[in-house]
Structure formats: structure tokens, C-alpha cells
>>> print(open('run-v2.txt').read())   # compact mmCIF, C-alpha atoms
# COMPACT_ATOMS: atom_id res chain seq x y z
CA MET A 1 137.43 122.92 97.14
CA SER A 2 134.08 123.50 95.38
CA THR A 3 133.32 126.93 94.01
CA PRO A 4 129.65 127.98 94.04
CA VAL A 5 128.08 128.54 90.65
CA SER A 6 126.49 131.91 89.97
CA HIS A 7 122.92 131.96 88.72
CA GLY A 8 124.09 134.12 85.86
CA SER A 9 126.74 131.75 84.50
CA ALA A 10 125.13 130.55 81.27
CA SER A 11 127.14 128.49 78.83
CA SER A 12 126.29 129.93 75.44
CA ARG A 13 129.41 128.45 73.83
CA ARG A 14 128.20 124.86 74.25
CA SER A 15 125.86 123.15 71.80
CA PRO A 16 122.22 124.06 72.49
CA PRO A 17 120.33 121.40 74.47
CA ARG A 18 117.45 119.37 73.11
CA THR A 19 114.08 121.09 73.26
CA GLU A 20 111.71 118.40 71.96
CA ALA A 21 108.85 117.15 74.09
CA ASP A 22 109.75 114.91 77.02
CA PRO A 23 106.52 113.63 78.67
CA THR A 24 108.39 111.68 81.36
CA ARG A 25 110.33 114.62 82.75
CA ASP A 26 107.50 117.10 82.25
CA LEU A 27 105.19 114.93 84.33
CA ALA A 28 107.85 114.24 86.96
CA PHE A 29 108.47 118.01 87.20
CA ASP A 30 104.73 118.68 87.68
CA ILE A 31 104.58 116.01 90.40
CA LEU A 32 107.54 117.45 92.28
CA CYS A 33 106.34 121.05 92.04
CA GLY A 34 102.97 119.88 93.36
CA VAL A 35 104.60 118.26 96.37
CA VAL A 36 107.13 121.00 97.13
CA GLU A 37 105.03 124.10 96.41
CA HIS A 38 101.50 122.93 97.21
CA ARG A 39 101.89 119.85 99.46
CA ARG A 40 99.93 117.95 96.84
CA MET A 41 100.16 114.17 96.92
CA LEU A 42 102.04 112.52 94.06
CA GLU A 43 99.07 110.42 92.96
CA THR A 44 96.85 113.51 92.74
CA THR A 45 99.04 115.07 90.06
CA LEU A 46 99.44 111.72 88.31
CA ASP A 47 95.66 111.23 88.19
CA ARG A 48 95.13 114.72 86.74
CA SER A 49 97.81 114.35 84.09
CA THR A 50 96.97 114.21 80.39
CA THR A 51 100.02 112.00 79.77
CA SER A 52 98.44 108.77 78.58
CA ASP A 53 101.34 106.47 77.69
CA PRO A 54 101.71 103.98 80.57
CA ARG A 55 105.48 103.85 80.08
CA ASP A 56 105.82 107.62 80.36
CA ARG A 57 103.64 107.64 83.45
CA ALA A 58 105.60 104.82 85.06
CA SER A 59 108.93 106.46 84.27
CA ALA A 60 107.74 109.82 85.59
CA HIS A 61 106.51 108.19 88.78
CA ARG A 62 109.85 106.45 89.28
CA LEU A 63 111.84 109.65 88.70
CA ALA A 64 109.66 111.76 91.00
CA ALA A 65 109.62 109.08 93.71
CA THR A 66 113.42 108.81 93.57
CA VAL A 67 113.76 112.56 94.06
CA LEU A 68 111.40 112.44 97.03
CA ARG A 69 113.24 109.50 98.63
CA TYR A 70 116.56 111.34 98.50
CA MET A 71 115.39 114.96 98.55
CA GLY A 72 117.03 115.92 101.83
CA SER A 73 120.48 114.55 101.06
CA MET A 74 120.43 115.78 97.44
CA THR A 75 119.43 119.26 98.61
CA GLU A 76 122.39 119.26 101.00
CA LEU A 77 124.71 118.05 98.23
CA LEU A 78 123.66 121.00 96.04
CA GLN A 79 124.20 123.68 98.68
CA PRO A 80 127.93 124.30 98.08
CA LEU A 81 127.22 124.77 94.37
CA LEU A 82 124.63 127.53 94.72
CA ARG A 83 125.35 131.14 95.62
CA ARG A 84 121.75 131.72 96.62
CA GLU A 85 118.49 129.82 96.86
CA PRO A 86 116.89 129.29 93.44
CA PRO A 87 113.12 129.44 92.93
CA ALA A 88 111.32 126.28 93.99
CA PRO A 89 110.62 125.05 90.42
CA VAL A 90 114.29 125.43 89.51
CA ARG A 91 115.33 123.51 92.61
CA CYS A 92 112.91 120.74 91.64
CA ALA A 93 114.51 120.55 88.20
CA LEU A 94 118.01 120.47 89.69
CA LEU A 95 117.00 117.68 92.05
CA MET A 96 115.67 115.71 89.08
CA GLY A 97 119.05 116.05 87.46
CA VAL A 98 120.90 114.94 90.58
CA ALA A 99 118.57 111.95 90.98
CA GLN A 100 119.29 110.89 87.41
CA LEU A 101 123.02 111.22 87.94
CA ARG A 102 123.30 109.74 91.43
CA HIS A 103 120.50 107.18 91.75
CA LEU A 104 119.09 106.23 88.35
CA GLY A 105 122.21 105.63 86.31
CA THR A 106 121.34 108.14 83.58
CA PRO A 107 124.38 109.02 81.40
CA PRO A 108 125.69 112.48 82.35
CA HIS A 109 125.06 114.07 78.95
CA ALA A 110 121.42 112.94 79.05
CA ALA A 111 120.89 113.86 82.72
CA VAL A 112 122.19 117.38 82.13
CA GLY A 113 120.66 117.93 78.71
CA THR A 114 117.16 116.82 79.67
CA ILE A 115 117.03 119.20 82.63
CA VAL A 116 118.34 122.16 80.64
CA SER A 117 115.73 121.39 77.99
CA LEU A 118 113.02 121.08 80.65
CA LEU A 119 113.82 124.54 82.02
CA ARG A 120 113.65 126.05 78.55
CA ARG A 121 110.26 124.42 77.87
CA ARG A 122 108.88 125.67 81.17
CA GLY A 123 109.79 129.32 80.69
CA LEU A 124 112.80 129.13 83.00
CA THR A 125 115.47 129.76 80.35
CA PRO A 126 117.43 132.25 82.54
CA PHE A 127 118.29 129.29 84.80
CA ALA A 128 119.36 126.92 82.02
CA GLY A 129 123.00 127.96 82.32
CA LEU A 130 122.90 127.46 86.08
CA ALA A 131 121.51 123.96 85.65
CA ASN A 132 124.08 123.10 83.02
CA ALA A 133 126.99 124.22 85.20
CA VAL A 134 125.73 122.77 88.49
CA LEU A 135 124.77 119.36 87.10
CA ARG A 136 128.08 119.03 85.25
CA ARG A 137 129.80 119.65 88.57
CA VAL A 138 127.67 116.98 90.21
CA ALA A 139 128.53 114.56 87.40
CA ARG A 140 132.26 115.17 87.95
CA GLU A 141 132.42 115.63 91.71
CA GLY A 142 129.31 113.95 93.09
CA ASP A 143 131.15 111.40 95.20
CA THR A 144 133.30 114.10 96.80
CA LEU A 145 130.29 116.34 97.44
CA ALA A 146 128.45 113.45 99.09
CA GLU A 147 131.28 112.57 101.47
CA GLY A 148 130.26 112.89 105.11
CA LEU A 149 126.54 113.39 104.41
CA ASP A 150 124.26 111.37 106.69
CA GLN A 151 121.88 110.32 103.95
CA ASP A 152 119.42 108.46 106.19
CA ARG A 153 119.13 111.38 108.56
CA LEU A 154 118.90 114.06 105.89
CA ASP A 155 116.20 112.28 103.89
CA VAL A 156 113.72 112.23 106.80
CA PRO A 157 112.07 115.45 108.04
CA PRO A 158 113.19 116.20 111.61
CA TRP A 159 109.73 115.77 113.15
CA LEU A 160 109.43 112.25 111.76
CA TRP A 161 112.98 111.27 112.69
CA SER A 162 112.27 112.34 116.26
CA ALA A 163 108.90 110.58 116.35
CA TRP A 164 110.36 107.27 115.15
CA GLY A 165 113.00 107.19 117.88
CA GLY A 166 115.27 104.16 117.79
CA ARG A 167 113.56 102.83 114.65
CA ALA A 168 114.37 105.91 112.56
CA ARG A 169 117.58 104.77 110.88
CA ALA A 170 116.22 101.33 110.01
CA ILE A 171 113.06 102.92 108.58
CA ALA A 172 115.10 105.38 106.50
CA SER A 173 117.31 102.61 105.19
CA GLY A 174 114.25 100.60 104.14
CA MET A 175 112.64 103.68 102.62
CA HIS A 176 115.48 104.14 100.16
CA ARG A 177 114.65 100.91 98.37
CA GLU A 178 111.84 100.56 95.84
CA ALA A 179 109.10 98.32 97.17
CA PRO A 180 108.79 94.86 95.62
CA LEU A 181 105.46 93.57 94.37
CA ASP A 182 103.71 91.32 96.92
CA LEU A 183 100.74 89.12 96.08
CA THR A 184 98.19 87.31 98.22
CA LEU A 185 97.06 84.07 96.56
CA ARG A 186 93.51 82.81 96.76
CA PRO A 187 93.34 79.40 98.49
CA GLY A 188 94.51 76.63 96.19
CA ALA A 189 96.16 78.91 93.64
CA GLU A 190 99.60 77.93 92.36
CA VAL A 191 102.60 80.14 93.00
CA PRO A 192 103.28 82.01 89.72
CA ASP A 193 106.63 81.41 88.03
CA GLY A 194 109.27 83.81 89.30
CA GLY A 195 107.53 84.49 92.61
CA VAL A 196 109.25 83.91 95.94
CA VAL A 197 107.10 82.64 98.80
CA MET A 198 107.74 84.75 101.90
CA PRO A 199 107.59 83.36 105.46
CA ASN A 200 104.04 84.68 105.98
CA GLY A 201 102.76 83.15 102.71
CA SER A 202 102.88 86.27 100.53
CA VAL A 203 104.44 85.81 97.09
CA ARG A 204 107.07 88.40 96.18
CA PHE A 205 108.22 89.67 92.80
CA PRO A 206 110.93 92.27 92.09
CA ALA A 207 110.15 95.98 92.11
CA GLY A 208 108.78 97.14 88.78
CA THR A 209 107.00 93.87 87.96
CA ARG A 210 103.74 94.49 86.08
CA VAL A 211 101.05 92.57 87.91
CA THR A 212 98.86 92.29 84.82
CA GLU A 213 101.60 90.32 83.07
CA ILE A 214 101.82 87.64 85.76
CA PRO A 215 100.05 84.41 84.72
CA GLY A 216 96.81 84.02 86.67
CA PHE A 217 95.94 87.71 86.93
CA GLU A 218 92.95 87.61 84.59
CA GLU A 219 91.73 84.40 86.25
CA GLY A 220 91.67 86.07 89.67
CA ALA A 221 94.31 83.82 91.22
CA PHE A 222 95.80 86.61 93.35
CA TRP A 223 95.72 90.27 94.23
CA VAL A 224 98.33 92.87 95.13
CA GLN A 225 98.83 93.26 98.87
CA ASP A 226 102.00 94.09 100.75
CA ALA A 227 103.14 91.32 103.08
CA ALA A 228 102.51 93.50 106.15
CA ALA A 229 99.10 94.60 104.87
CA SER A 230 98.05 90.97 104.52
CA MET A 231 98.44 90.30 108.23
CA PRO A 232 95.56 92.19 109.94
CA ALA A 233 92.83 90.10 108.27
CA ARG A 234 94.76 86.95 109.12
CA LEU A 235 95.15 88.05 112.72
CA LEU A 236 91.40 88.61 112.98
CA ASN A 237 91.04 84.88 112.23
CA ALA A 238 87.41 85.20 111.17
CA GLN A 239 85.60 81.87 111.32
CA PRO A 240 83.28 80.49 108.63
CA GLY A 241 79.81 81.96 109.06
CA TRP A 242 80.90 84.98 111.07
CA HIS A 243 79.37 88.30 110.10
CA VAL A 244 82.35 90.64 109.67
CA ILE A 245 82.15 94.34 108.85
CA ASP A 246 85.11 95.70 106.90
CA LEU A 247 85.20 99.46 107.46
CA CYS A 248 87.02 101.76 105.02
CA ALA A 249 87.16 98.65 102.86
CA ALA A 250 88.56 99.79 99.49
CA PRO A 251 90.53 98.66 97.55
CA GLY A 252 89.30 95.32 98.86
CA GLY A 253 92.29 93.14 99.68
CA LYS A 254 91.18 92.53 103.25
CA THR A 255 87.57 92.07 102.14
CA ALA A 256 88.78 89.33 99.78
CA GLN A 257 90.71 87.62 102.57
CA LEU A 258 87.68 87.64 104.86
CA ALA A 259 85.27 86.41 102.20
CA LEU A 260 87.58 83.59 101.13
CA ALA A 261 87.89 82.55 104.79
CA GLY A 262 84.13 81.93 104.77
CA ALA A 263 82.92 85.07 106.54
CA GLN A 264 79.75 86.94 105.59
CA VAL A 265 81.29 90.32 104.80
CA SER A 266 79.70 93.77 104.83
CA ALA A 267 82.19 96.10 103.13
CA VAL A 268 81.66 99.76 103.99
CA GLU A 269 83.37 102.49 101.98
CA ARG A 270 82.51 106.20 101.96
CA ASP A 271 83.94 107.01 98.51
CA ALA A 272 81.74 105.77 95.66
CA GLY A 273 84.63 105.81 93.18
CA ARG A 274 86.79 103.67 95.41
CA MET A 275 83.88 101.30 95.93
CA ARG A 276 83.51 100.91 92.16
CA ARG A 277 87.16 99.96 91.88
CA MET A 278 86.74 97.54 94.75
CA SER A 279 83.76 95.94 93.01
CA GLU A 280 85.87 95.49 89.89
CA ASN A 281 88.61 93.87 91.97
CA LEU A 282 86.18 91.45 93.61
CA GLU A 283 84.68 90.62 90.22
CA ARG A 284 88.12 89.76 88.81
CA LEU A 285 88.74 87.58 91.87
CA ARG A 286 85.39 85.88 91.31
CA ILE A 287 84.28 86.67 94.86
CA ALA A 288 80.52 86.96 95.23
CA GLY A 289 78.22 87.54 98.17
CA VAL A 290 79.97 90.55 99.69
CA GLU A 291 77.52 93.21 100.83
CA GLU A 292 78.87 96.45 99.37
CA ILE A 293 77.76 99.58 101.20
CA VAL A 294 78.62 103.15 100.20
CA ALA A 295 78.27 105.02 103.47
CA ASP A 296 80.08 107.03 106.12
CA ALA A 297 81.21 104.55 108.76
CA LEU A 298 80.53 107.16 111.45
CA GLN A 299 76.85 107.23 110.51
CA TRP A 300 76.08 103.74 109.22
CA LYS A 301 74.83 100.89 111.41
CA PRO A 302 74.22 97.26 110.46
CA ALA A 303 70.77 95.69 110.58
CA SER A 304 72.05 93.25 113.20
CA PRO A 305 75.18 93.22 115.38
CA ALA A 306 78.31 91.68 113.88
CA ASN A 307 80.74 89.15 115.27
CA ALA A 308 83.73 91.27 114.27
CA VAL A 309 84.79 94.55 112.70
CA LEU A 310 88.00 95.07 110.75
CA LEU A 311 88.89 98.77 110.79
CA ASP A 312 91.80 99.78 108.57
CA ALA A 313 91.47 103.40 109.58
CA PRO A 314 92.40 106.48 107.54
CA CYS A 315 95.81 107.59 108.75
CA SER A 316 98.97 109.51 107.87
CA ALA A 317 100.11 106.54 105.73
CA THR A 318 103.73 107.01 106.81
CA GLY A 319 104.09 103.24 106.67
CA THR A 320 103.73 103.30 102.88
CA LEU A 321 106.61 105.71 102.23
CA ARG A 322 108.54 103.21 100.09
CA ARG A 323 105.78 103.53 97.49
CA HIS A 324 104.61 107.00 98.48
CA PRO A 325 107.69 109.02 99.56
CA ASP A 326 105.65 112.19 99.03
CA VAL A 327 104.13 111.43 102.44
CA LEU A 328 107.45 112.55 103.96
CA TRP A 329 107.09 116.06 102.58
CA VAL A 330 103.31 116.53 102.53
CA LYS A 331 102.23 115.41 106.00
CA ARG A 332 102.68 117.56 109.10
CA PRO A 333 102.42 116.87 112.85
CA ARG A 334 99.03 118.55 112.99
CA ASP A 335 97.73 116.11 110.36
CA VAL A 336 98.54 113.22 112.68
CA THR A 337 96.67 114.91 115.53
CA ALA A 338 93.56 115.41 113.40
CA LEU A 339 93.70 111.87 112.06
CA ALA A 340 94.00 110.45 115.57
CA GLN A 341 90.75 112.14 116.53
CA GLY A 342 89.06 110.55 113.54
CA GLN A 343 90.46 107.15 114.49
CA ASP A 344 88.97 107.45 117.98
CA ALA A 345 85.60 108.29 116.45
CA LEU A 346 85.73 105.24 114.17
CA ILE A 347 86.68 102.95 117.06
CA ASP A 348 83.68 104.23 119.02
CA ALA A 349 81.43 103.77 115.97
CA ALA A 350 82.60 100.17 115.68
CA ALA A 351 81.39 99.51 119.23
CA ASN A 352 77.84 100.19 118.06
CA MET A 353 78.18 97.64 115.26
CA LEU A 354 79.28 94.72 117.43
CA ALA A 355 77.44 92.19 119.52
CA PRO A 356 78.55 92.07 123.17
CA GLY A 357 81.93 90.38 123.26
CA GLY A 358 82.47 91.13 119.56
CA ILE A 359 85.99 91.65 118.21
CA LEU A 360 87.51 94.79 116.69
CA LEU A 361 90.72 94.45 114.71
CA TYR A 362 92.10 98.00 114.54
CA ALA A 363 94.82 98.66 111.97
CA VAL A 364 96.66 101.60 110.38
CA CYS A 365 99.42 101.79 107.76
CA SER A 366 101.21 104.32 109.94
CA LEU A 367 104.54 104.44 111.76
CA GLN A 368 103.29 107.05 114.23
CA ASP A 369 102.68 105.92 117.80
CA GLU A 370 99.89 108.51 118.09
CA GLU A 371 97.93 106.51 115.53
CA GLY A 372 98.84 103.12 116.95
CA ALA A 373 99.43 102.23 120.57
CA ALA A 374 98.13 105.58 121.81
CA ARG A 375 94.76 104.99 120.15
CA VAL A 376 94.48 101.56 121.74
CA GLU A 377 95.38 102.90 125.17
CA ALA A 378 92.73 105.59 124.78
CA ALA A 379 90.16 102.98 123.71
CA LEU A 380 90.81 100.96 126.85
CA THR A 381 89.47 103.89 128.88
CA ARG A 382 86.24 103.86 126.84
CA GLY A 383 84.94 100.34 127.40
CA TRP A 384 87.26 98.20 125.28
CA GLU A 385 89.40 95.27 126.39
CA LEU A 386 92.73 94.38 124.81
CA LEU A 387 93.18 90.83 123.52
CA PRO A 388 96.94 90.57 122.93
CA PHE A 389 98.14 88.56 119.96
CA ALA A 390 99.91 85.37 120.95
CA GLU A 391 103.26 84.39 119.48
CA ASP A 392 101.78 81.47 117.54
CA GLU A 393 99.41 83.81 115.67
CA PHE A 394 102.15 85.58 113.77
CA GLN A 395 102.35 83.20 110.78
CA GLY A 396 105.94 83.61 109.70
CA MET A 397 106.36 87.15 111.00
CA PRO A 398 107.29 86.81 114.71
CA ILE A 399 109.46 89.93 114.46
CA ALA A 400 106.25 91.98 114.24
CA ARG A 401 104.91 91.10 117.69
CA THR A 402 105.52 93.73 120.37
CA ARG A 403 105.79 92.90 124.05
CA GLU A 404 102.31 94.40 124.57
CA GLY A 405 100.88 91.92 122.08
CA TYR A 406 100.43 94.41 119.23
CA PHE A 407 101.37 93.89 115.59
CA ARG A 408 103.98 96.43 114.45
CA THR A 409 106.11 96.48 111.27
CA HIS A 410 108.30 99.05 109.55
CA PRO A 411 110.16 99.27 106.19
CA GLY A 412 113.47 98.22 107.75
CA MET A 413 112.18 94.74 108.61
CA TRP A 414 113.07 91.91 106.20
CA HIS A 415 115.63 94.33 104.82
CA ASP A 416 117.64 91.72 102.91
CA GLU A 417 114.43 90.32 101.39
CA GLY A 418 113.14 93.69 100.19
CA GLY A 419 111.43 95.09 103.29
CA MET A 420 107.76 95.61 104.02
CA ASP A 421 105.28 98.39 104.72
CA GLY A 422 104.83 99.88 108.16
CA PHE A 423 101.66 98.64 109.84
CA PHE A 424 100.13 98.59 113.29
CA ALA A 425 97.29 96.35 114.44
CA ALA A 426 95.66 95.51 117.75
CA ARG A 427 92.75 93.26 118.74
CA LEU A 428 90.09 94.66 121.04
CA ARG A 429 86.93 93.19 122.49
CA ARG A 430 83.76 95.04 123.26
CA LYS A 431 82.89 94.53 126.90
CA SER A 432 79.44 93.17 127.60
>>> encode(input="run-v2.txt", output="C-alpha cells")
Amino acid sequence: MSTPVSHGSASSRRSPPRTEADPTRDLAFDILCGVVEHRRMLETTLDRSTTSDPRDRASAHRLAATVLRYMGSMTELLQPLLRREPPAPVRCALLMGVAQLRHLGTPPHAAVGTIVSLLRRRGLTPFAGLANAVLRRVAREGDTLAEGLDQDRLDVPPWLWSAWGGRARAIASGMHREAPLDLTLRPGAEVPDGGVVMPNGSVRFPAGTRVTEIPGFEEGAFWVQDAAASMPARLLNAQPGWHVIDLCAAPGGKTAQLALAGAQVSAVERDAGRMRRMSENLERLRIAGVEEIVADALQWKPASPANAVLLDAPCSATGTLRRHPDVLWVKRPRDVTALAQGQDALIDAAANMLAPGGILLYAVCSLQDEEGAARVEAALTRGWELLPFAEDEFQGMPIARTREGYFRTHPGMWHDEGGMDGFFAARLRRKS
């Protein structure tokens, strides 16, 4: 039976741990403390970091993301080993150690030593002995400590598990896997060596693949876009010559799809920085003629009505949790409520951009019904008409069609092939 470790049990008789700089673990620690203590998104801390080496940044991201994917079950595993709750930063460090031992294959001496050293560097030396003792126990007895733990259930906050209903376990299972790299090819481009063509036409590479090292990147032969994220623009089926407005357009993947389909695209993005990055993406892809507009979609109106609007609305982003597991621990139910109100406002704004009979393709990278079907049902009471997707429109992804004619994916789909993001999309028509 496990005996809890006292916070005062230092191990002064062992060799002192390493204390040299460790940019990877320092940055991962900052990311985790930001999420746990301040509900700060992972990317926010990463963007603010002074760590410049791309390898250190990538390694820190991977370590922090692994902790966040398994935070619930690892926290439960630690409980029998702690006499009382440690301060939040110390718990973050312990979780980093457990993640290295249990999920990243780090040798025990390195997993323990790096965390002890981290605590010393961060002014938490009184807890170095605790970390040493606890993590050595995890290294020896981890399998026993993990017996009987419902990992899927523990790694999802209760409010999300409840909201996802019967999909929850499949979503959690998909969430535990690192997302592969999916590409959308421009028409006529060759499939790069090593890529696997998915049923919907996306080209998939293993997780961790560096997109800039794939032949054809500099020539603009493809862009990064999850298989599920590639579907809304395809489902819109914009025809050559259509005027299509892409709202909340950055980073530009859907804009590229529309432009290459022959549409005249007006891309609207409120954030000037994101628009600059989108412009750079379109330049690399050698796509010209897109009207780029920095404006608030709630205030902006086109000079003439459009044939269609593609609205990938701001949302809780719970569908992206394979890449952004911080979403699990940062978002709250009240955030979803506020975002849903904003989605309604954007849907109503789109009505003023369309010609009578014009099409709105509404999409969100969310798993929450409040941001998906509920928003469509509300729109139907405000002058919109639903145009259900037909089975033959689902280009290699028939599993994503709901009985109502919506598009709905989650990370548990295509599980054996590496999964996909969670997305929702519906097609609406403005009544005359």
C-alpha cells in the first residue's frame, strides 16, 4: 500500500540535482502555470516567451500539451502520494515529471532530476525533496498507482463531459493522441512524398512533421488545414464568378479554397495582425485578387450584395483540443454562453450582406451544441431557411452527416487514421 510523502522529506544524502539552464522545461512550466493559475491560453505564453530556439519551443509545447491532455488522471495518480495539497506551481512541476515518466518516455533519472532542478531555479527549493521522493515513487509504482483510474473520464472537466453526452468517451480517446499534420493541396499539385491521401482528399503526415520541410512548401503547393476544417468551404460549393464573403477569415485556408474554386472573395478580418499573416499565406500560395478588408464583421457591409457568406465564427474552440488541450482548463460554461450571443449577432450581420436567396455557410470549431445546432435553430426563427446537406455532398466523410443534414465531426472519428478536429457546419438561405 502506498505511503504518502511528507512535504518535508528532503533527500540531502543523494547527489545534488543539475541546476543548469533548461529552456524547454522553464518554458513548459511557465505555460502550465499560466493555464492553471491565470486561465491563460498556451499560445499566449508561448508568444510572449523570450525562448528563441525553435527546438526548445517545440519541446516545451509538447511537454506542456502532454500535461494538459492528461492533467486530470495524473492529478488523481498523485493524490495518494501527497499528505496535503502543494502550491499550484509545485503541482505543475510534479505533473511535468509524471508526464515525462508516464507519457513521454523520459528516463527516470532525467525526469526526476530535471524537475528537482526546475524547482531550485524557480525559488521553490523547499519542495525539491518532495518532488524527488514523489517522482521516484511514480517511476517505481506508476502502473500500480494508475490501476482502476478512468483516464478518459478524469481528463475531461465534468461540465464538458456532461455536455458531450454519448460522444464524450470517443472525444476523450481522440484527444489523447497528438494531431497529425493535414494539408490541403492546390488543384493540380502532386501529393508530397510520405503523405497519405485521406478519403476527403486531405493529405496527412505524422504528428510532429515540420511543414516547411515538405517539398512544395515554398512553391505554395499546399497549406496546413485539418481534414475537418477543409470541409466547410467545400460544402459551400461556391461556383466560379460568385461573390463570396469570408468572415473572420484569418489565417486564410478557407479563403484560399474559395479563391482557387474561382470565386471573387472578400476576406474580412478584424485583427490587423492576423490579416497580415493571412496576406503572407496567400502570397506564398500565389493567390491574387482576394479583397482583404480589416474590419469588424458586425459593422462592415459590402458595396453590393454577395452570393454567399462563409462564417467560421469565433467560438470556444473545443474542437481543437488535440492541438490546444489548454482549452479544456481555460474555458468555462459562461464563455460558451457569451460566444453564442456573438455567433447570433454575426449570423444576423451576414443577412445584411447577402442578396435575397443568398447562402450562408455557418461553421464553428466547437463540440458544444450551444454553438452548433442551437444557433441554427435560433436562426430559423429569425428569417433563415435550412438547406440540409445531402449525402452525396460529403466527399469521403459520410460519417460527419447528421440526420438533420448538418456537418458534425469530433476527435474520435477516424480514430485508427489519427482522428480529426471537431467541427460543426450548416447551410442556411436568406429568405427573400
>>> closest_residue(input="run-v2.txt", among="A:Ala340, A:Ala378, A:Ile245, A:Val35", to="Met353 of chain A", atoms="only C-alpha atoms")
A:Ile245
>>> closest_residue(input="run-v2.txt", among="A:Leu82, A:Leu77, A:Met420, A:Ala221", to="Asn281 of chain A", atoms="all atoms listed in the file")
A:Ala221
>>> residues_near_point(input="run-v2.txt", point="(116.9, 118.0, 89.4)", cutoff="10 Å", atoms="all atoms listed in the file", output="JSON, numbers by chain")
{"A": [25, 29, 32, 63, 64, 67, 71, 74, 75, 78, 89, 90, 91, 92, 93, 94, 95, 96, 97, 98, 99, 100, 101, 111, 112, 114, 115, 116, 131, 135]}
>>> atom_distance(input="run-v2.txt", atom1="atom CA of Ala426 of chain A", atom2="atom CA of Tyr406 of chain A")
5.1 Å
>>> closest_residue(input="run-v2.txt", among="A:Pro398, A:Gly418, A:Pro87, A:Gly241", to="Phe205 of chain A", atoms="all atoms listed in the file")
A:Gly418
>>> residues_around(input="run-v2.txt", residues="Asp246 of chain A", least_positions_apart="6", cutoff="6 Å", atoms="all atoms listed in the file", output="list of chain:residue names")
A:Ala267, A:Val309, A:Leu310
>>> residues_around(input="run-v2.txt", residues="Phe423 of chain A", least_positions_apart="6", cutoff="8 Å", atoms="only C-alpha atoms", output="JSON, numbers by chain")
{"A": [228, 229, 319, 363, 364, 365, 366, 367, 407, 408, 409, 410]}
>>> residues_near_point(input="run-v2.txt", point="(99.3, 81.7, 94.7)", cutoff="12 Å", atoms="only C-alpha atoms", output="NGL selection string")
:A and (182-198 or 201-204 or 214-217 or 219-224)
>>> atom_distance(input="run-v2.txt", atom1="atom CA of Ala355 of chain A", atom2="atom CA of Pro232 of chain A")
20.5 Å
>>> atom_distance(input="run-v2.txt", atom1="atom CA of Glu377 of chain A", atom2="atom CA of Asp421 of chain A")
23.2 Å
>>> closest_residue(input="run-v2.txt", among="A:Ala295, A:Val268, A:Ala65, A:Val336", to="Gln368 of chain A", atoms="all atoms listed in the file")
A:Val336
>>> closest_residue(input="run-v2.txt", among="A:Ala110, A:Leu247, A:Leu118, A:Leu124", to="Ala28 of chain A", atoms="all atoms listed in the file")
A:Leu118
>>> residues_around(input="run-v2.txt", residues="Gly208 of chain A", least_positions_apart="4", cutoff="10 Å", atoms="all atoms listed in the file", output="list in words")
Ala58, Arg62, Glu178, Ala179, Pro180 and Leu181 of chain A
>>> axis_aligned_box(input="run-v2.txt", around="segment 233-249 of chain A", padding_each_side="5 Å", output="AutoDock Vina command-line options")
--center_x 87.3 --center_y 91.1 --center_z 107.9 --size_x 25.8 --size_y 31.3 --size_z 20.1
>>> residues_around(input="run-v2.txt", residues="Ser52 of chain A", least_positions_apart="4", cutoff="10 Å", atoms="only C-alpha atoms", output="count of residues only")
3
>>> closest_residue(input="run-v2.txt", among="A:Leu68, A:Ile31, A:Met275, A:Ile399", to="Pro157 of chain A", atoms="only C-alpha atoms")
A:Leu68
>>> residues_around(input="run-v2.txt", residues="segment 381-385 of chain A", least_positions_apart="3", cutoff="12 Å", atoms="all atoms listed in the file", output="PyMOL selection string")
chain A and resi 344-345+347-352+354+356-362+374-378+388+426-432
